[in-house]
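Participant: For reference, this is protein.txt, and it has compact mmCIF, C-alpha atoms.
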```
# COMPACT_ATOMS: atom_id res chain seq x y z
CA MET A 210 -42.66 56.23 15.74
CA LYS A 211 -39.57 57.77 14.15
CA ARG A 212 -37.39 56.20 16.85
CA ILE A 213 -38.80 52.71 16.17
CA MET A 214 -38.18 53.15 12.44
CA ALA A 215 -34.59 54.29 13.05
CA LYS A 216 -34.03 51.28 15.32
CA LYS A 217 -35.36 48.94 12.61
CA VAL A 218 -33.03 50.50 10.03
CA TRP A 219 -30.06 50.00 12.37
CA VAL A 220 -31.01 46.36 12.96
CA ILE A 221 -31.20 45.76 9.21
CA VAL A 222 -27.86 47.51 8.61
CA LEU A 223 -26.16 45.48 11.36
CA ALA A 224 -27.65 42.25 10.04
CA CYS A 225 -26.36 43.05 6.56
CA LEU A 226 -22.89 43.80 7.91
CA ALA A 227 -22.86 40.56 9.90
CA PHE A 228 -23.90 38.62 6.80
CA ALA A 229 -21.21 40.28 4.72
CA GLY A 230 -18.66 39.47 7.42
CA VAL A 231 -19.59 35.80 7.35
CA ALA A 232 -19.59 35.75 3.56
CA PHE A 233 -16.09 37.17 3.30
CA ALA A 234 -14.58 35.35 6.27
CA ARG A 235 -11.83 33.23 4.74
CA HIS A 236 -11.43 29.57 5.36
CA ALA A 237 -8.51 27.44 4.37
CA PRO A 238 -9.62 25.42 1.36
CA VAL A 239 -9.28 21.65 1.46
CA PRO A 240 -5.97 21.09 -0.41
CA GLU A 241 -7.14 17.93 -2.15
CA ASN A 242 -10.15 19.69 -3.68
CA TYR A 243 -8.50 23.04 -4.30
CA GLY A 244 -8.15 23.70 -8.00
CA ARG A 245 -10.38 20.77 -8.90
CA VAL A 246 -12.20 21.10 -12.21
CA ILE A 247 -15.06 18.84 -13.17
CA ILE A 248 -15.27 18.47 -16.94
CA LYS A 249 -18.59 17.21 -18.18
CA ASN A 250 -19.12 18.68 -21.60
CA PHE A 251 -19.92 15.41 -23.33
CA SER A 252 -19.17 12.68 -20.76
CA ARG A 253 -22.73 11.80 -19.79
CA LYS A 254 -23.74 11.60 -23.44
CA ALA A 255 -20.93 9.09 -24.00
CA GLY A 256 -22.03 7.06 -20.98
CA LEU A 257 -19.00 8.03 -18.91
CA ALA A 258 -18.54 9.72 -15.57
CA PRO A 259 -17.40 13.36 -15.67
CA VAL A 260 -13.65 13.98 -15.70
CA VAL A 261 -12.04 15.05 -12.44
CA PHE A 262 -9.09 17.25 -13.24
CA ASP A 263 -6.91 18.13 -10.29
CA HIS A 264 -4.50 21.01 -10.68
CA TRP A 265 -2.26 19.69 -7.88
CA LEU A 266 -1.26 16.69 -9.96
CA HIS A 267 -0.47 18.54 -13.15
CA ARG A 268 1.11 21.62 -11.63
CA SER A 269 3.66 19.42 -9.92
CA MET A 270 4.96 18.48 -13.37
CA PHE A 271 4.19 21.41 -15.68
CA THR A 272 4.16 25.18 -15.57
CA CYS A 273 0.84 27.02 -15.86
CA ARG A 274 2.01 28.52 -19.14
CA LEU A 275 2.60 25.18 -20.78
CA CYS A 276 -1.10 24.30 -20.57
CA HIS A 277 -2.75 27.72 -20.61
CA VAL A 278 -0.61 29.33 -23.31
CA ASP A 279 1.04 26.61 -25.39
CA ILE A 280 -1.67 23.97 -25.37
CA GLY A 281 -4.47 26.52 -25.31
CA PHE A 282 -6.57 25.59 -22.28
CA ALA A 283 -8.82 28.49 -21.30
CA MET A 284 -8.59 29.90 -17.79
CA GLU A 285 -12.35 29.63 -17.23
CA GLY A 286 -13.94 26.29 -16.51
CA GLY A 287 -15.92 24.89 -19.47
CA ALA A 288 -14.64 27.48 -21.95
CA THR A 289 -12.25 25.16 -23.81
CA LYS A 290 -14.94 22.63 -24.78
CA ILE A 291 -12.62 19.65 -24.57
CA SER A 292 -13.91 16.53 -26.30
CA ALA A 293 -12.66 12.97 -26.78
CA ALA A 294 -12.34 13.54 -30.53
CA LEU A 295 -10.10 16.57 -30.02
CA ASN A 296 -7.99 14.73 -27.46
CA MET A 297 -7.50 11.85 -29.86
CA GLU A 298 -6.46 14.32 -32.58
CA GLY A 299 -3.68 15.51 -30.28
CA TYR A 300 -5.21 18.70 -28.93
CA TYR A 301 -5.75 19.73 -25.30
CA CYS A 302 -5.30 16.69 -23.00
CA GLY A 303 -4.18 14.73 -26.06
CA ALA A 304 -1.21 17.07 -26.56
CA CYS A 305 0.55 15.11 -23.80
CA HIS A 306 -1.77 12.14 -23.30
CA ASP A 307 -1.02 10.53 -26.65
CA GLY A 308 0.36 7.22 -25.42
CA LYS A 309 3.80 8.07 -26.82
CA ARG A 310 5.11 11.12 -25.04
CA GLU A 311 7.37 10.54 -22.06
CA VAL A 312 7.35 12.75 -18.98
CA ASN A 313 9.86 12.12 -16.22
CA ASN A 314 10.89 8.88 -17.97
CA LYS A 315 7.34 7.58 -17.84
CA GLN A 316 5.09 7.11 -20.84
CA VAL A 317 1.97 9.24 -20.62
CA PHE A 318 -1.19 7.18 -21.12
CA ALA A 319 -3.35 8.04 -24.12
CA ALA A 320 -6.46 10.09 -23.53
CA CYS A 321 -9.80 8.74 -24.72
CA ALA A 322 -10.75 5.88 -27.04
CA LYS A 323 -13.30 5.32 -29.78
CA THR A 324 -14.99 2.50 -27.89
CA PRO A 325 -14.46 2.72 -24.14
CA ALA A 326 -14.49 -1.00 -23.36
CA GLY A 327 -12.10 -3.62 -21.94
CA GLN A 328 -8.61 -2.30 -21.20
CA ASP A 329 -9.61 1.05 -22.71
CA ALA A 330 -12.37 1.41 -20.11
CA LYS A 331 -9.82 1.16 -17.31
CA ARG A 332 -7.75 3.86 -18.97
CA CYS A 333 -10.83 6.07 -19.49
CA ASN A 334 -11.71 5.76 -15.81
CA ARG A 335 -8.39 7.25 -14.78
CA CYS A 336 -9.81 10.64 -15.78
CA HIS A 337 -13.54 9.95 -15.96
CA SER A 338 -13.46 9.24 -12.26
CA LYS A 339 -16.17 11.32 -10.63
CA ASP A 340 -17.80 9.29 -7.83
CA LYS A 341 -15.69 6.24 -8.72
CA LYS A 342 -13.64 5.11 -5.79
CA GLY A 343 -10.27 3.60 -6.66
CA ALA A 344 -10.50 4.49 -10.34
CA ARG A 345 -7.62 6.93 -10.12
CA GLU A 346 -4.08 5.67 -9.88
CA ILE A 347 -2.62 8.70 -8.13
CA GLU A 348 -4.09 9.76 -4.81
CA PHE A 349 -3.49 13.14 -3.21
CA LYS A 350 -2.22 11.98 0.16
CA ALA A 351 0.47 9.66 -1.13
CA PHE A 352 1.46 11.94 -3.99
CA THR A 353 1.93 15.07 -1.89
CA GLU A 354 3.33 13.44 1.24
CA LYS A 355 6.85 14.78 0.76
CA LEU A 356 5.89 18.22 -0.48
CA PRO A 357 6.31 21.20 1.88
CA ARG A 358 3.23 22.77 3.42
CA LEU A 359 2.25 26.39 4.06
CA PRO A 360 2.44 27.52 7.70
CA ARG A 361 -1.31 27.26 8.31
CA GLY A 362 -3.62 24.52 7.12
CA ASP A 363 -2.42 21.67 4.96
CA ALA A 364 -1.99 23.52 1.67
CA ILE A 365 1.07 22.72 -0.42
CA ASP A 366 3.82 25.31 -0.66
CA TRP A 367 4.62 24.88 -4.36
CA GLU A 368 7.15 27.66 -4.36
CA LYS A 369 9.17 25.99 -1.64
CA GLY A 370 8.67 22.66 -3.38
CA GLU A 371 10.35 24.02 -6.48
CA ASP A 372 13.08 25.82 -4.54
CA SER A 373 13.97 22.57 -2.81
CA HIS A 374 13.90 20.68 -6.15
CA LEU A 375 11.07 18.41 -5.08
CA ILE A 376 9.18 19.49 -8.17
CA LYS A 377 10.65 20.56 -11.50
CA PRO A 378 7.78 21.82 -13.66
CA ILE A 379 8.39 21.36 -17.38
CA ASP A 380 7.95 24.55 -19.43
CA ILE A 381 8.57 23.34 -22.97
CA LEU A 382 6.64 20.69 -24.83
CA GLU A 383 8.54 19.38 -27.84
CA GLY A 384 6.64 20.01 -31.08
CA ILE A 385 4.18 22.43 -29.46
CA SER A 386 5.97 25.11 -27.45
CA VAL A 387 7.92 27.93 -28.99
CA LYS A 388 11.55 27.70 -27.94
CA ARG A 389 11.69 30.93 -26.02
CA SER A 390 14.56 33.28 -25.43
CA LYS A 391 15.94 34.02 -21.97
CA MET A 392 13.49 35.62 -19.57
CA GLN A 393 13.80 39.33 -18.77
CA THR A 394 12.03 40.30 -15.56
CA GLN A 395 11.16 43.50 -13.79
CA ASP A 396 12.19 44.22 -10.21
CA ASP A 397 9.81 43.58 -7.30
CA PHE A 398 7.57 46.49 -6.35
CA ALA A 399 5.40 47.45 -3.41
CA ILE A 400 1.64 47.98 -3.41
CA ALA A 401 0.30 49.89 -0.41
CA SER A 402 -2.16 48.01 1.74
CA LYS A 403 -5.51 49.64 2.40
CA ALA A 404 -6.04 47.91 5.72
CA SER A 405 -4.18 49.14 8.79
CA TRP A 406 -3.76 45.60 10.12
CA ALA A 407 -2.17 44.22 6.95
CA GLY A 408 1.32 45.05 5.71
CA ASP A 409 2.06 46.32 2.23
CA ILE A 410 2.28 43.87 -0.62
CA ILE A 411 5.56 43.13 -2.31
CA PHE A 412 4.80 41.89 -5.77
CA SER A 413 7.46 39.75 -7.36
CA HIS A 414 7.45 39.50 -11.13
CA ALA A 415 10.25 36.93 -10.95
CA LYS A 416 8.15 34.52 -8.88
CA HIS A 417 5.22 34.82 -11.25
CA VAL A 418 6.91 34.68 -14.65
CA ILE A 419 8.72 31.47 -13.86
CA TRP A 420 5.40 29.59 -14.05
CA ASN A 421 3.25 31.95 -16.10
CA GLY A 422 5.46 33.81 -18.52
CA CYS A 423 4.28 37.35 -19.29
CA GLU A 424 1.40 36.72 -21.66
CA LEU A 425 -0.76 34.79 -19.22
CA CYS A 426 -1.26 37.93 -17.09
CA HIS A 427 -0.75 40.82 -19.52
CA PRO A 428 -2.86 42.28 -20.89
CA GLU A 429 -5.89 40.12 -20.16
CA ILE A 430 -5.78 39.94 -16.35
CA PHE A 431 -3.78 43.09 -15.74
CA PRO A 432 -4.47 45.47 -18.64
CA SER A 433 -3.16 48.65 -17.03
CA THR A 434 0.09 49.87 -18.55
CA LYS A 435 0.96 52.34 -15.81
CA GLN A 436 1.95 51.24 -12.33
CA GLY A 437 -0.24 52.57 -9.53
CA THR A 438 -3.22 53.57 -11.67
CA VAL A 439 -5.49 50.67 -10.68
CA ASN A 440 -7.03 50.73 -7.24
CA TYR A 441 -7.03 47.01 -6.46
CA SER A 442 -9.50 45.95 -3.78
CA MET A 443 -9.78 42.69 -1.88
CA LEU A 444 -13.46 42.58 -2.78
CA GLU A 445 -12.67 42.47 -6.51
CA ILE A 446 -9.83 40.01 -5.95
CA ASP A 447 -12.09 37.81 -3.84
CA MET A 448 -14.62 37.84 -6.66
CA GLY A 449 -12.02 36.46 -9.06
CA GLN A 450 -10.58 39.57 -10.64
CA TYR A 451 -6.90 40.50 -10.95
CA CYS A 452 -4.84 38.30 -8.57
CA GLY A 453 -8.09 36.45 -7.81
CA VAL A 454 -8.11 34.85 -11.28
CA CYS A 455 -5.53 32.37 -9.98
CA HIS A 456 -5.45 32.99 -6.23
CA THR A 457 -9.05 31.97 -5.68
CA LYS A 458 -8.87 28.82 -7.76
CA VAL A 459 -5.43 27.25 -8.08
CA SER A 460 -2.57 29.27 -6.60
CA PHE A 461 -2.40 29.63 -2.80
CA SER A 462 -5.72 30.98 -1.57
CA LEU A 463 -6.51 34.42 -0.17
CA TYR A 464 -6.66 32.79 3.24
CA PHE A 465 -2.86 33.10 3.37
CA CYS A 466 -2.78 36.91 3.65
CA GLU A 467 0.85 36.94 4.75
CA LYS A 468 2.04 35.42 1.48
CA CYS A 469 1.36 38.73 -0.31
CA HIS A 470 1.18 41.24 2.54
CA VAL A 471 4.77 40.58 3.44
CA LYS A 472 5.86 44.01 4.68
CA PRO A 473 5.57 44.37 8.46
CA VAL A 474 2.78 46.68 9.67
CA GLN A 475 4.23 50.08 10.63
CA MET B 201 47.19 -3.41 -57.16
CA PRO B 202 46.13 -0.26 -59.06
CA TYR B 203 42.94 -2.07 -59.91
CA ARG B 204 42.22 -2.75 -56.18
CA LYS B 205 42.98 0.90 -55.27
CA GLY B 206 40.53 2.02 -57.90
CA ALA B 207 37.85 -0.35 -56.61
CA ILE B 208 38.21 0.93 -53.03
CA ALA B 209 38.12 4.53 -54.20
CA SER B 210 34.99 3.99 -56.27
CA ARG B 211 33.33 2.14 -53.35
CA ARG B 212 34.16 5.10 -51.06
CA LEU B 213 32.77 7.47 -53.66
CA SER B 214 29.51 5.56 -53.98
CA VAL B 215 29.06 5.39 -50.18
CA SER B 216 29.67 9.13 -49.75
CA ALA B 217 27.32 9.86 -52.63
CA LEU B 218 24.63 7.68 -51.11
CA LEU B 219 24.92 8.99 -47.57
CA PRO B 220 22.91 12.22 -48.01
CA TRP B 221 20.20 10.25 -49.80
CA LEU B 222 20.10 7.68 -46.99
CA ILE B 223 19.78 10.45 -44.38
CA PHE B 224 17.08 12.14 -46.44
CA ALA B 225 15.16 8.84 -46.79
CA TRP B 226 15.42 8.20 -43.04
CA LEU B 227 14.16 11.68 -42.19
CA PHE B 228 11.34 11.36 -44.71
CA ALA B 229 10.27 8.00 -43.29
CA ASN B 230 10.31 9.37 -39.74
CA GLY B 231 8.52 12.56 -40.61
CA ALA B 232 11.38 14.64 -39.16
CA PRO B 233 9.42 15.53 -36.04
CA GLY B 234 9.92 19.01 -34.71
CA SER B 235 12.27 20.09 -37.47
CA ALA B 236 11.68 23.46 -39.04
CA TRP B 237 11.21 22.17 -42.55
CA ALA B 238 8.41 19.82 -41.45
CA MET B 239 6.40 22.87 -40.44
CA GLU B 240 4.09 24.89 -42.59
CA GLU B 241 5.05 28.45 -43.42
CA TRP B 242 2.53 30.02 -41.03
CA GLN B 243 3.77 27.81 -38.19
CA GLN B 244 7.32 28.92 -38.83
CA ASP B 245 6.09 32.53 -38.81
CA PHE B 246 4.31 31.89 -35.54
CA ASN B 247 7.43 30.49 -33.92
CA GLU B 248 9.57 33.34 -35.21
CA ILE B 249 7.15 36.00 -34.01
CA CYS B 250 6.25 34.58 -30.60
CA VAL B 251 9.77 33.56 -29.64
CA SER B 252 10.36 37.01 -28.14
CA THR B 253 7.57 37.15 -25.55
CA GLN B 254 10.01 36.65 -22.71
CA GLU B 255 12.22 39.53 -23.78
CA ALA B 256 9.42 41.84 -24.93
CA GLU B 257 10.33 44.41 -22.34
CA ALA B 258 13.86 44.71 -23.68
CA LEU B 259 12.70 45.35 -27.25
CA ALA B 260 12.58 48.81 -28.80
CA PRO B 261 9.14 50.29 -29.62
CA GLU B 262 9.87 49.95 -33.36
CA ALA B 263 10.60 46.25 -32.99
CA LEU B 264 7.46 45.77 -30.92
CA GLY B 265 5.39 47.63 -33.50
CA LYS B 266 6.76 45.37 -36.24
CA LEU B 267 5.92 42.28 -34.21
CA VAL B 268 2.34 43.52 -33.70
CA SER B 269 1.98 44.06 -37.46
CA ARG B 270 3.41 40.60 -38.17
CA CYS B 271 0.90 39.13 -35.71
CA ASP B 272 -1.96 40.85 -37.57
CA ALA B 273 -0.72 39.53 -40.91
CA LEU B 274 -0.33 36.04 -39.49
CA ARG B 275 -3.83 36.16 -38.01
CA ASN B 276 -5.26 36.46 -41.53
CA LYS B 277 -3.26 33.43 -42.65
CA ILE B 278 -4.40 31.29 -39.70
CA GLU B 279 -8.01 32.36 -40.18
CA GLN B 280 -7.83 30.96 -43.70
CA LEU B 281 -7.07 27.41 -42.55
CA GLY B 282 -9.70 25.00 -43.84
CA GLU B 283 -12.80 23.79 -41.97
CA GLU B 284 -11.13 20.48 -41.18
CA ARG B 285 -8.52 22.38 -39.17
CA ASN B 286 -10.95 24.20 -36.90
CA THR B 287 -9.27 23.21 -33.65
CA GLU B 288 -5.80 23.98 -34.88
CA ARG B 289 -7.07 27.38 -35.95
CA LYS B 290 -8.76 27.95 -32.58
CA VAL B 291 -5.66 26.97 -30.59
CA TYR B 292 -3.22 28.98 -32.67
CA LEU B 293 -5.45 32.05 -32.82
CA LYS B 294 -5.68 32.00 -29.03
CA ARG B 295 -1.91 31.65 -28.75
CA LEU B 296 -1.34 34.39 -31.31
CA ASP B 297 -3.77 36.74 -29.55
CA MET B 298 -1.89 36.27 -26.28
CA CYS B 299 1.41 36.90 -27.99
CA ARG B 300 0.13 39.97 -29.88
CA GLY B 301 -1.60 41.24 -26.76
CA LEU B 302 1.65 41.19 -24.83
CA TYR B 303 3.66 42.98 -27.53
CA ASP B 304 0.96 45.62 -27.84
CA TYR B 305 0.78 45.98 -24.05
CA VAL B 306 4.53 46.50 -23.71
CA LEU B 307 4.51 48.90 -26.67
CA ARG B 308 1.78 51.03 -25.04
CA MET B 309 3.68 50.92 -21.76
CA LYS B 310 6.84 52.16 -23.47
CA GLU B 311 4.98 54.90 -25.31
CA GLN B 312 3.62 56.18 -22.01
CA GLN B 313 7.09 56.34 -20.57
```
Would you put the structure from the file into C-alpha cells?
Facilitator:
Amino acid sequence: MKRIMAKKVWVIVLACLAFAGVAFARHAPVPENYGRVIIKNFSRKAGLAPVVFDHWLHRSMFTCRLCHVDIGFAMEGGATKISAALNMEGYYCGACHDGKREVNNKQVFAACAKTPAGQDAKRCNRCHSKDKKGAREIEFKAFTEKLPRLPRGDAIDWEKGEDSHLIKPIDILEGISVKRSKMQTQDDFAIASKASWAGDIIFSHAKHVIWNGCELCHPEIFPSTKQGTVNYSMLEIDMGQYCGVCHTKVSFSLYFCEKCHVKPVQ
Amino acid sequence: MPYRKGAIASRRLSVSALLPWLIFAWLFANGAPGSAWAMEEWQQDFNEICVSTQEAEALAPEALGKLVSRCDALRNKIEQLGEERNTERKVYLKRLDMCRGLYDYVLRMKEQQ
C-alpha cells in the first residue's frame, strides 16, 4: 500500500515538474505584436475601437524616458488612464500628437477630436484601429524592413539599429523635457549566473541609460543601493520583476539569453 | 544740411528706442514658447531641480540632500495647483517623484559607501 502511495506521489511530482517546464519554456515572441498595448479605457463608450499602441513604432523615434518620464506615461498598462479630453489638452499622446509639432520633418497628426466624423474619423482610426484592417498608415513589415534583426527569430535589434544610425531616438521634447546636463555613467559590472549552462551577465549601465536615463530604473525597479545584495532569479524576472519589467514586454525578450549572459561558460 | 543731419539722427533715435518695444510686442503676441519667463515659478523650480538627474552620481551628499529637500518643498507647491489643473498636477508629481527618488537613492548609496 505504502509503495503504491509513494509511486502516486512521484507521478504527481513529475507531472508538476513537466508542467512547470512547459510553462517556463521560452518562445520567441512575434515581433509585430511584441510590446503591443491595447488601450480601451473609454473607447467603447465613445463608439470607437480600442487603440492599438505599438512600441516598435514609437521606440524607433523616441527614447523610453521621453514618454515614461517626461510625458508621464505609466509603465503598467491601463495605469495612466489616457482619455481623449486629456490628449486634446496636450497631455499624454497629445504632448506630441497636437497637429503642430514636427518630428523628423513631418507634422505629427493631432490626437482625438470632439466629434469623430468625416476627416476626423479617418484620423481617429489611425490609433483606434483594433480589428480594423487598413486603418493604420504604418505597417510593421514595411516600416521595419531595413532594421537589423537579432540572431534568432525575427526580432528587431534596436541597439544595432541605433549604432548603425538607422534610428535616432529623440530624447528631448521642446517645452516639456528638462534640458539635462551631460550623462555620467557607471562602468559595466558582472552578475554571476546561477545556471551552469549559462554564462555570467555583464550589465551595461551605458547601454541602458542612453534610452532610460537613471530615474526610470532607480529606485522603483531596482531599489537596492548596494551591489550584490539582491539575489535576482529568472523566475522573478520572468514574472515581470527587475529586468523583467521591460524585458518581458518591450525590450528584447528573455528568449535571447545570450544578450545578457554574455560571458562564456567556464 | 545741419537740419537734415538732425532729422536722420532723430529718426535713428526713434527706431532704436522702438526696437525693444517691437521685440517685446512680438514675443508677447507669440507667447514666447519655451522661454523661461513664460513659465510659472514652480515650473522653473522643477526644471532647476531635475536638471541634474543625469549627473546625480557625481554630486556630493550635501548637494543631493539639498535637492531632496527642494523636491519636498516643490511637491507642496504642485499639490496646491487648482482642481482645473488636475492632470498637470498628476504628471508633474509623477515626474517630481521620479526625480526625488533618484536623488534620494544616490544619496543613500553614497552614505553606505
Participant: Find the nearest atom pair between each residue of chain B and chain A for residues within 9 Å, count all atoms listed in the file, give distances in Å to one decimal, sort rows by chain and ascending number, and present the table as a Markdown table.
Facilitator:
```
| residue | atom | partner | partner_atom | distance |
| --- | --- | --- | --- | --- |
| B:Pro233 | CA | A:Gly384 | CA | 7.2 |
| B:Gly234 | CA | A:Gly384 | CA | 5.0 |
| B:Ser235 | CA | A:Gly384 | CA | 8.5 |
| B:Phe246 | CA | A:Val387 | CA | 8.5 |
| B:Asn247 | CA | A:Val387 | CA | 5.6 |
| B:Glu248 | CA | A:Val387 | CA | 8.4 |
| B:Cys250 | CA | A:Val387 | CA | 7.0 |
| B:Val251 | CA | A:Arg389 | CA | 4.9 |
| B:Ser252 | CA | A:Ser390 | CA | 6.2 |
| B:Thr253 | CA | A:Cys423 | CA | 7.1 |
| B:Gln254 | CA | A:Met392 | CA | 4.8 |
| B:Glu255 | CA | A:Gln393 | CA | 5.3 |
| B:Ala256 | CA | A:Gln393 | CA | 8.0 |
| B:Glu257 | CA | A:Gln393 | CA | 7.1 |
| B:Ala258 | CA | A:Gln393 | CA | 7.3 |
| B:Thr287 | CA | A:Leu295 | CA | 7.6 |
| B:Glu288 | CA | A:Tyr300 | CA | 8.0 |
| B:Lys290 | CA | A:Gly281 | CA | 8.6 |
| B:Val291 | CA | A:Gly281 | CA | 5.4 |
| B:Tyr292 | CA | A:Gly281 | CA | 7.9 |
| B:Lys294 | CA | A:Gly281 | CA | 6.7 |
| B:Arg295 | CA | A:Val278 | CA | 6.1 |
| B:Met298 | CA | A:Glu424 | CA | 5.7 |
| B:Cys299 | CA | A:Glu424 | CA | 6.3 |
| B:Arg300 | CA | A:Glu424 | CA | 8.9 |
| B:Gly301 | CA | A:Pro428 | CA | 6.1 |
| B:Leu302 | CA | A:Glu424 | CA | 5.5 |
| B:Tyr303 | CA | A:Glu424 | CA | 8.9 |
| B:Asp304 | CA | A:Pro428 | CA | 8.6 |
| B:Tyr305 | CA | A:Pro428 | CA | 6.1 |
| B:Val306 | CA | A:Thr434 | CA | 7.6 |
| B:Arg308 | CA | A:Thr434 | CA | 6.8 |
| B:Met309 | CA | A:Thr434 | CA | 4.9 |
| B:Lys310 | CA | A:Thr434 | CA | 8.7 |
| B:Gln312 | CA | A:Lys435 | CA | 7.8 |
| B:Gln313 | CA | A:Lys435 | CA | 8.7 |
```
Participant: One decimal, in Å: what's the spacing between atom CA of Ile446 of chain A and atom CA of His236 of chain A?
Facilitator: 15.5 Å
Participant: From the set A:Leu356, A:Ala326, A:Ile410, A:Val439, which residue has the shortest atom-to-atom contact distance to Cys466 of chain A, counting only C-alpha atoms?
Facilitator: A:Ile410
Participant: Can you tell me how far atom CA of His264 of chain A sits from atom CA of Glu467 of chain A, in Å to one decimal?
Facilitator: 22.8 Å
Participant: How many Å lie between atom CA of Arg335 of chain A and atom CA of Glu354 of chain A, rounded to one decimal?
Facilitator: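 For atom CA of Arg335 of chain A relative to atom CA of Glu354 of chain A, the distance reads 20.8 Å.
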Participant: Residues within 9 Å of segment 361-365 of chain A, please, as a list in words. Count all atoms listed in the file; anything in the same chain fewer than 6 positions from it doesn't count.
Facilitator: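 The filter keeps Ala237, Pro238, Val239, Pro240, Glu241, Tyr243, Trp265, Thr353, Phe461, Ser462 and Phe465 of chain A.
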